[in-house]
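Chemist: Would you mind keeping the following structure in view while I ask a few things?
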Amino acid sequence: MLLIGAKIQEYRKKQGLSQEEFAAEVGVTRQAVSKWETDKAYPDLDKLVTICDILQIDITELIYGEIVATFEDSAEHLPERPGAAAEPLSEMKGIAVEKVRGRKVYLQLWVTLALIGGMFLFCGAFLVTTLTHYSWKKEDALAEHVRVERVHQQYTKADVSFFDDVSRRVVKTVWLDINGIREGDSLICYTDGEQKGIYYEYHGATLFVLAAVELVFLFLFLIIVGEFKRLVRENRWHVAADGVREKGV
């Protein structure tokens, strides 16, 4: 986890600088400093050296904080397991613990994103289907007493039949929100002027629940996408810090 914002705020206060004074020395606005310190944004790479000079702090400490654990450091403090051969530290040297944890987090986010995305698409398709089969203009539609011919699923879909203007029997599939419907029951549905489509007057609660569930999945989807962006941004800073550290060596 990056500690840039907390470190900038901590060392700025140690230097006795306000956000306005610090911003003036760095050459940015006070709002930019505020975003840095609240981790809403990160300073550009060309500003890092200036910030480190002003705050008198090492760039590695600014990015990673005082506790930067590598496999080599961790292995020195871990107790030896009986019968376990010690792994060569040369193969693990310089690899940060955050990077290994990051792979697991990325995998978890991908799985969560796939599940939420799938549920979002499913609920969205169900909502669109319901809205397209809703009788919005009942005054312009024809009320039909239809007979239930076949129930596909309770509280969802059934085949119904009615007779058109020329006494032909027409069978249509309509989405319903009635529980306990059986074959042979009679319902009131609506058809258009040409009697090509059939529509139903759903309960307001049905439409509200479907829309609310869709919004919840959309909100969760956006949260996961935002977390992806944050991890990608942090990973770029890790790579940049490693590059700066190697150049310093």
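Residue numbers start at 1 in each chain; chains themselves are named A, B, ... in the order of the structure tokens; ligands are numbered from 1 in the order shown.
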Within 8 Å of A:Ile178, counting only C-alpha atoms, which residues qualify if same-chain residues fewer than 5 places away don't, as a PDB file with N, CA and C atoms, in the first residue's frame?
Modeler:
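Result written to selection-v6.pdb:
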```
ATOM      1  N   GLN A 154     -43.272 -20.214 -12.912  1.00  0.00           N
ATOM      2  CA  GLN A 154     -44.122 -19.427 -12.041  1.00  0.00           C
ATOM      3  C   GLN A 154     -43.519 -18.038 -11.823  1.00  0.00           C
ATOM      4  N   TYR A 155     -44.359 -17.044 -11.815  1.00  0.00           N
ATOM      5  CA  TYR A 155     -43.990 -15.651 -11.555  1.00  0.00           C
ATOM      6  C   TYR A 155     -43.130 -15.058 -12.672  1.00  0.00           C
ATOM      7  N   THR A 156     -43.073 -15.738 -13.835  1.00  0.00           N
ATOM      8  CA  THR A 156     -42.262 -15.181 -14.916  1.00  0.00           C
ATOM      9  C   THR A 156     -42.967 -15.236 -16.259  1.00  0.00           C
TER      10      THR A 156
END
```
Chemist: Give me the residues near stretch 15-24 of chain A as an mmCIF file with N, CA, C and O atoms, in the first residue's frame, where near means some atom within 7 Å (using only C-alpha atoms) and where sequence neighbours in that chain fewer than 4 positions away do not count.
Modeler:
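Result saved to part24.cif:
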```
data_model
loop_
_atom_site.group_PDB
_atom_site.id
_atom_site.type_symbol
_atom_site.label_atom_id
_atom_site.label_comp_id
_atom_site.auth_asym_id
_atom_site.auth_seq_id
_atom_site.Cartn_x
_atom_site.Cartn_y
_atom_site.Cartn_z
ATOM 1 N N TYR A 11 5.560 14.947 6.960
ATOM 2 C CA TYR A 11 6.809 15.699 6.882
ATOM 3 C C TYR A 11 6.571 17.172 6.558
ATOM 4 O O TYR A 11 7.399 18.024 6.900
ATOM 5 N N VAL A 28 2.775 23.978 -7.402
ATOM 6 C CA VAL A 28 1.440 23.484 -7.730
ATOM 7 C C VAL A 28 0.425 24.269 -6.910
ATOM 8 O O VAL A 28 0.773 25.147 -6.140
ATOM 9 N N THR A 29 -0.844 23.939 -7.077
ATOM 10 C CA THR A 29 -1.897 24.607 -6.323
ATOM 11 C C THR A 29 -2.106 23.923 -4.973
ATOM 12 O O THR A 29 -1.685 22.775 -4.774
ATOM 13 N N ARG A 30 -2.777 24.627 -4.056
ATOM 14 C CA ARG A 30 -3.074 24.038 -2.752
ATOM 15 C C ARG A 30 -4.024 22.852 -2.900
ATOM 16 O O ARG A 30 -3.936 21.873 -2.164
ATOM 17 N N VAL A 33 -2.086 19.716 -3.563
ATOM 18 C CA VAL A 33 -1.476 19.174 -2.341
ATOM 19 C C VAL A 33 -2.529 18.462 -1.499
ATOM 20 O O VAL A 33 -2.279 17.393 -0.924
ATOM 21 N N LEU A 55 11.025 18.345 1.687
ATOM 22 C CA LEU A 55 10.687 17.657 2.934
ATOM 23 C C LEU A 55 11.882 16.960 3.559
ATOM 24 O O LEU A 55 11.772 16.428 4.671
#
```
Chemist: Atom CA of A:His133 to atom CA of A:Trp175: how many Å, to one decimal?
Modeler: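 So the answer is 6.9 Å.
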Chemist: Skip stretch 195-201 of chain A itself and residues of its chain fewer than 5 positions away, then list as an MDAnalysis selection string all residues within 6 Å of it, counting only C-alpha atoms.
Modeler: chainID A and resid 133:135 189:190
Chemist: Generate a file of the selected residues that holds C-alpha atoms, formatted as a tab-separated table (two decimals), in the first residue's frame.
Modeler:
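Now in again.tsv:
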```tsv
chain	number	residue	atom	x	y	z
A	133	HIS	CA	-43.76	-6.15	-22.33
A	134	TYR	CA	-45.38	-3.54	-20.09
A	135	SER	CA	-48.58	-1.86	-21.25
A	189	CYS	CA	-53.69	-8.47	-21.10
A	190	TYR	CA	-53.39	-5.78	-23.75
```
